[in-house]
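**Q** Got a structure for you, coords.cif, holding mmCIF, C-alpha atoms.
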data_work
loop_
_atom_site.label_atom_id
_atom_site.label_comp_id
_atom_site.auth_asym_id
_atom_site.auth_seq_id
_atom_site.Cartn_x
_atom_site.Cartn_y
_atom_site.Cartn_z
CA MET U 1 6.45 7.12 -3.67
CA THR U 2 8.22 3.84 -3.63
CA ASP U 3 7.41 2.23 -0.32
CA GLN U 4 8.03 -1.24 0.94
CA HIS U 5 5.38 -3.60 2.18
CA ALA U 6 3.87 -1.89 5.14
CA SER U 7 2.97 -4.90 7.21
CA GLY U 8 4.58 -8.14 8.26
CA SER U 9 1.46 -9.78 9.70
CA ALA U 10 0.91 -13.52 9.33
CA ALA U 11 -2.24 -12.78 7.38
CA GLY U 12 -0.35 -11.23 4.55
CA ARG U 13 3.06 -10.07 5.76
CA ALA U 14 4.61 -8.24 6.18
CA ALA U 15 -16.89 4.40 2.01
CA ASP U 16 -16.02 5.83 -1.19
CA ARG U 17 -15.97 2.62 -3.10
CA ALA U 18 -17.69 2.89 -6.39
CA ALA U 19 -18.31 -0.65 -7.52
CA GLY U 20 -15.56 -1.27 -10.02
CA SER U 21 -15.23 2.30 -11.19
CA ALA U 22 -12.64 4.97 -10.64
CA THR U 23 -12.82 6.72 -7.31
CA GLY U 24 -11.45 9.86 -8.83
CA ALA U 25 -9.62 11.26 -11.79
CA HIS U 26 -6.62 13.46 -11.31
CA ARG U 27 -5.06 15.84 -13.77
CA ASP U 28 -1.46 16.70 -13.12
CA ALA U 29 1.36 18.40 -14.95
CA ASP U 30 2.28 14.96 -16.24
CA PRO U 31 2.38 14.06 -19.90
CA MET U 32 0.19 11.04 -19.08
CA GLY U 33 -2.64 13.40 -18.16
CA GLU U 34 -5.36 11.75 -16.12
CA TRP U 35 -5.22 8.78 -13.82
CA GLY U 36 -7.68 7.21 -11.45
CA LEU U 37 -8.23 4.67 -8.73
CA ARG U 38 -10.34 1.54 -8.73
CA PRO U 39 -10.67 -1.56 -6.58
CA ALA U 40 -8.24 -4.27 -7.66
CA THR U 41 -9.55 -7.53 -9.08
CA LEU U 42 -8.02 -10.94 -9.67
CA GLU U 43 -7.41 -9.85 -13.26
CA ASP U 44 -4.98 -7.22 -11.92
CA VAL U 45 -2.83 -9.62 -9.89
CA GLU U 46 -0.28 -10.35 -12.61
CA ALA U 47 0.38 -6.65 -13.24
CA ILE U 48 0.68 -6.02 -9.50
CA ALA U 49 3.13 -8.95 -9.20
CA HIS U 50 5.30 -7.43 -11.96
CA ALA U 51 5.28 -4.09 -10.12
CA GLU U 52 6.20 -5.92 -6.91
CA LEU U 53 9.31 -7.33 -8.57
CA GLU U 54 10.31 -3.88 -9.76
CA LEU U 55 9.60 -2.06 -6.50
CA PHE U 56 10.53 -4.69 -3.90
CA PRO U 57 12.94 -7.17 -5.50
CA ASP U 58 14.11 -8.51 -2.13
CA GLU U 59 10.65 -9.00 -0.65
CA SER U 60 8.13 -9.17 -3.48
CA TRP U 61 4.92 -11.13 -3.15
CA THR U 62 4.10 -13.84 -5.66
CA VAL U 63 1.11 -13.92 -7.98
CA PHE U 64 -0.40 -16.58 -5.73
CA GLN U 65 0.03 -14.54 -2.54
CA LEU U 66 -1.45 -11.49 -4.22
CA ALA U 67 -4.39 -13.48 -5.58
CA GLU U 68 -5.16 -14.72 -2.05
CA GLU U 69 -4.99 -11.17 -0.74
CA VAL U 70 -7.21 -9.63 -3.43
CA ALA U 71 -9.82 -12.40 -3.10
CA HIS U 72 -9.92 -12.41 0.72
CA PRO U 73 -13.15 -10.94 2.18
CA ASP U 74 -11.27 -9.02 4.91
CA ARG U 75 -8.88 -7.31 2.48
CA ARG U 76 -9.34 -4.23 0.32
CA TYR U 77 -6.97 -3.66 -2.59
CA VAL U 78 -6.86 -0.69 -4.91
CA LEU U 79 -4.85 0.27 -7.91
CA ALA U 80 -4.01 3.49 -9.67
CA ALA U 81 -3.89 3.42 -13.43
CA ASP U 82 -3.70 5.95 -16.20
CA GLY U 83 -6.88 7.01 -17.95
CA VAL U 84 -10.01 8.53 -16.47
CA ASP U 85 -11.55 5.07 -16.12
CA ALA U 86 -8.34 3.75 -14.50
CA GLN U 87 -8.16 0.94 -17.04
CA GLY U 88 -4.75 1.80 -18.44
CA ARG U 89 -1.20 1.15 -17.31
CA LEU U 90 -0.67 0.34 -13.62
CA LEU U 91 0.81 3.30 -11.74
CA GLY U 92 0.47 2.05 -8.16
CA TYR U 93 -1.43 -0.18 -5.77
CA ALA U 94 -2.19 -0.64 -2.09
CA GLY U 95 -3.92 -3.09 0.16
CA ILE U 96 -5.24 -3.34 3.71
CA MET U 97 -6.54 -6.00 6.06
CA ILE U 98 -9.62 -5.21 8.13
CA ALA U 99 -9.66 -6.74 11.62
CA GLY U 100 -12.56 -5.26 13.59
CA ASP U 101 -11.71 -1.78 14.80
CA LEU U 102 -8.19 -2.03 13.37
CA ALA U 103 -6.95 -1.94 9.80
CA ASP U 104 -3.46 -3.01 8.78
CA LEU U 105 -1.85 -1.45 5.71
CA HIS U 106 -0.26 -4.45 4.01
CA THR U 107 1.35 -2.83 1.02
CA ILE U 108 1.58 0.37 -0.94
CA GLY U 109 3.77 1.11 -3.91
CA THR U 110 3.89 3.52 -6.80
CA LEU U 111 5.66 3.36 -10.13
CA ARG U 112 5.48 7.12 -10.74
CA GLU U 113 6.60 9.69 -8.19
CA GLY U 114 5.39 13.22 -7.65
CA LEU U 115 1.83 12.81 -8.96
CA GLY U 116 0.04 12.32 -5.63
CA ILE U 117 -0.62 8.66 -6.34
CA GLY U 118 0.77 7.43 -3.01
CA ARG U 119 -1.36 9.91 -1.07
CA ALA U 120 -4.48 8.98 -3.08
CA LEU U 121 -3.87 5.26 -2.45
CA LEU U 122 -3.39 5.82 1.27
CA THR U 123 -6.52 7.99 1.47
CA TRP U 124 -8.54 5.28 -0.30
CA CYS U 125 -7.27 2.68 2.18
CA GLU U 126 -8.17 4.92 5.12
CA GLN U 127 -11.67 5.46 3.69
CA GLN U 128 -12.13 1.72 3.28
CA ALA U 129 -10.95 1.14 6.86
CA ARG U 130 -13.47 3.68 8.17
CA ALA U 131 -16.29 2.24 6.08
CA ALA U 132 -15.56 -1.21 7.52
CA GLY U 133 -15.70 0.12 11.10
CA ALA U 134 -11.98 0.47 11.84
CA THR U 135 -10.98 3.34 14.11
CA SER U 136 -7.23 3.16 13.51
CA MET U 137 -4.74 1.91 10.97
CA LEU U 138 -1.34 0.33 11.56
CA LEU U 139 1.55 -0.07 9.18
CA GLU U 140 5.15 -1.15 9.24
CA VAL U 141 7.88 0.67 7.41
CA ARG U 142 11.54 -0.18 7.06
CA GLU U 143 13.67 2.05 9.23
CA ASP U 144 16.01 2.76 6.31
CA ASN U 145 13.18 4.06 4.09
CA ALA U 146 13.39 7.73 5.02
CA ARG U 147 11.13 8.87 2.19
CA ALA U 148 8.29 6.55 3.24
CA ARG U 149 8.74 7.52 6.88
CA ARG U 150 8.39 11.22 5.97
CA PHE U 151 5.34 10.41 3.85
CA TYR U 152 3.57 8.55 6.67
CA THR U 153 4.51 11.15 9.27
CA ALA U 154 3.10 13.90 7.04
CA ALA U 155 -0.09 11.83 6.70
CA GLY U 156 -0.51 11.80 10.48
CA TYR U 157 1.04 8.46 11.42
CA ARG U 158 3.23 8.22 14.48
CA GLU U 159 5.72 5.59 15.53
CA ILE U 160 4.38 3.35 18.31
CA ASP U 161 6.80 0.40 18.26
CA ARG U 162 9.93 -1.06 16.69
CA ARG U 163 10.58 -4.62 15.57
CA ARG U 164 14.31 -5.12 15.68
CA GLY U 165 15.81 -6.91 12.68
CA TYR U 166 12.36 -7.70 11.32
CA TYR U 167 13.26 -7.34 7.64
CA ARG U 168 16.01 -9.66 6.39
CA ILE U 169 17.51 -8.17 3.25
CA ARG U 170 20.55 -9.96 1.85
CA GLY U 171 21.48 -11.28 5.28
CA ARG U 172 21.13 -7.91 6.98
CA GLY U 173 18.49 -7.24 9.62
CA ILE U 174 16.59 -3.98 9.25
CA ASP U 175 14.20 -2.73 11.91
CA ALA U 176 10.52 -2.32 11.16
CA LEU U 177 8.92 0.77 12.59
CA VAL U 178 5.27 0.28 13.55
CA MET U 179 3.22 3.39 12.92
CA GLN U 180 -0.42 4.14 13.71
CA ARG U 181 -3.07 6.72 12.94
CA THR U 182 -6.67 7.19 14.00
CA VAL U 183 -8.97 6.92 10.99
CA ALA U 184 -12.34 7.29 12.71
CA ALA U 185 -14.64 9.94 11.27
#
Could you rewrite the structure in this file as structure tokens?
**A**
Amino acid sequence: MTDQHASGSAAGRAADRAAGSATGAHRDADPMGEWGLRPATLEDVEAIAHAELELFPDESWTVFQLAEEVAHPDRRYVLAADGVDAQGRLLGYAGIMIAGDLADLHTIGTLREGLGIGRALLTWCEQQARAAGATSMLLEVREDNARARRFYTAAGYREIDRRRGYYRIRGRGIDALVMQRTVAA
């Protein structure tokens, strides 16, 4: 799933954590075989920044912004990579901000579609939100991103607000849809 940045907050725009190891390995009908998830580190920031440029050329975050996000104590970032130990090629990433009983999905993006990577990243973020005491998660999605909207709706998110003209892409204003889901156990 190629999604845009899910949040436009000032802090960064727009449970099952195994310390540094994969949170799960997945075998799919993909020639790459297995892939896994692991918490992102500062060493991953450059690869994430390259993926940002590919996935979100009009709104990509810089290496410096991503480094601040990954290092921040109230953020949780994860990446998907090939290999059982998730040490191979970057396949996707996601990040959230924890703010008390609320978590804010800042970004989620995948470089390979149809493998369940987007769903696994979102599930990891929801687990992290719960573990940190959040009871709900917010996200923003561009109105023109029908695929991401379907993905979030299928995951139980519902639209609660609209920010008119929030995204400015090549001089054109695109509405941001604010979506929310309860993540409490």
**Q** I'd like the neighbourhood of Ala185 (chain U) as a list in words, where a residue qualifies if any of its atoms comes within 9 Å (using all atoms listed in the file), though same-chain residues fewer than 3 positions away should be ignored.
**A**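 So, after excluding close chain neighbours, the residues are Arg130, Thr135 and Thr182 of chain U.
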**Q** Ranking U:Leu42, U:Ala132, U:Ile169, U:Ala103 by minimum distance to Arg181 (chain U) and counting all atoms listed in the file, which one comes first?
**A**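 Comparing U:Leu42, U:Ala132, U:Ile169, U:Ala103 against Arg181 (chain U), the winner is U:Ala103.
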**Q** Need the neighbours of (-3.7, -2.6, -6.5): which residues are at most 10 Å away, counting all atoms listed in the file, as JSON, numbers by chain?
**A** {"U": [37, 38, 39, 40, 41, 42, 44, 45, 47, 48, 49, 51, 66, 70, 76, 77, 78, 79, 80, 81, 90, 91, 92, 93, 94, 95, 107, 108, 109, 110, 121]}
**Q** Quick one, how far is CA of Leu177 (chain U) from CA of His72 (chain U)?
**A**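 Distance reported for this atom pair: 25.9 Å.
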**Q** Near Thr153 (chain U), within 10 Å and counting all atoms listed in the file, which residues show up once chain neighbours fewer than 5 positions away are dropped, as an MDAnalysis selection string?
**A** chainID U and resid 147:148 158:159 179:181
**Q** Here's the selection I'm unsure about, the PyMOL selection byres ((chain U and resi 149) around 12); applied to the file above, which residues does it give, as a PDB file with C-alpha atoms, in the frame of the given file?
**A**
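Output file expr.pdb follows:
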ATOM      1  CA  MET U   1       6.450   7.120  -3.670  1.00  0.00           C
ATOM      2  CA  THR U   2       8.220   3.840  -3.630  1.00  0.00           C
ATOM      3  CA  ASP U   3       7.410   2.230  -0.320  1.00  0.00           C
ATOM      4  CA  GLN U   4       8.030  -1.240   0.940  1.00  0.00           C
ATOM      5  CA  ALA U   6       3.870  -1.890   5.140  1.00  0.00           C
ATOM      6  CA  LEU U 139       1.550  -0.070   9.180  1.00  0.00           C
ATOM      7  CA  GLU U 140       5.150  -1.150   9.240  1.00  0.00           C
ATOM      8  CA  VAL U 141       7.880   0.670   7.410  1.00  0.00           C
ATOM      9  CA  ARG U 142      11.540  -0.180   7.060  1.00  0.00           C
ATOM     10  CA  GLU U 143      13.670   2.050   9.230  1.00  0.00           C
ATOM     11  CA  ASP U 144      16.010   2.760   6.310  1.00  0.00           C
ATOM     12  CA  ASN U 145      13.180   4.060   4.090  1.00  0.00           C
ATOM     13  CA  ALA U 146      13.390   7.730   5.020  1.00  0.00           C
ATOM     14  CA  ARG U 147      11.130   8.870   2.190  1.00  0.00           C
ATOM     15  CA  ALA U 148       8.290   6.550   3.240  1.00  0.00           C
ATOM     16  CA  ARG U 150       8.390  11.220   5.970  1.00  0.00           C
ATOM     17  CA  PHE U 151       5.340  10.410   3.850  1.00  0.00           C
ATOM     18  CA  TYR U 152       3.570   8.550   6.670  1.00  0.00           C
ATOM     19  CA  THR U 153       4.510  11.150   9.270  1.00  0.00           C
ATOM     20  CA  ALA U 154       3.100  13.900   7.040  1.00  0.00           C
ATOM     21  CA  ALA U 155      -0.090  11.830   6.700  1.00  0.00           C
ATOM     22  CA  GLY U 156      -0.510  11.800  10.480  1.00  0.00           C
ATOM     23  CA  TYR U 157       1.040   8.460  11.420  1.00  0.00           C
ATOM     24  CA  ARG U 158       3.230   8.220  14.480  1.00  0.00           C
ATOM     25  CA  GLU U 159       5.720   5.590  15.530  1.00  0.00           C
ATOM     26  CA  ALA U 176      10.520  -2.320  11.160  1.00  0.00           C
ATOM     27  CA  LEU U 177       8.920   0.770  12.590  1.00  0.00           C
ATOM     28  CA  VAL U 178       5.270   0.280  13.550  1.00  0.00           C
ATOM     29  CA  MET U 179       3.220   3.390  12.920  1.00  0.00           C
ATOM     30  CA  GLN U 180      -0.420   4.140  13.710  1.00  0.00           C
TER      31      GLN U 180
END
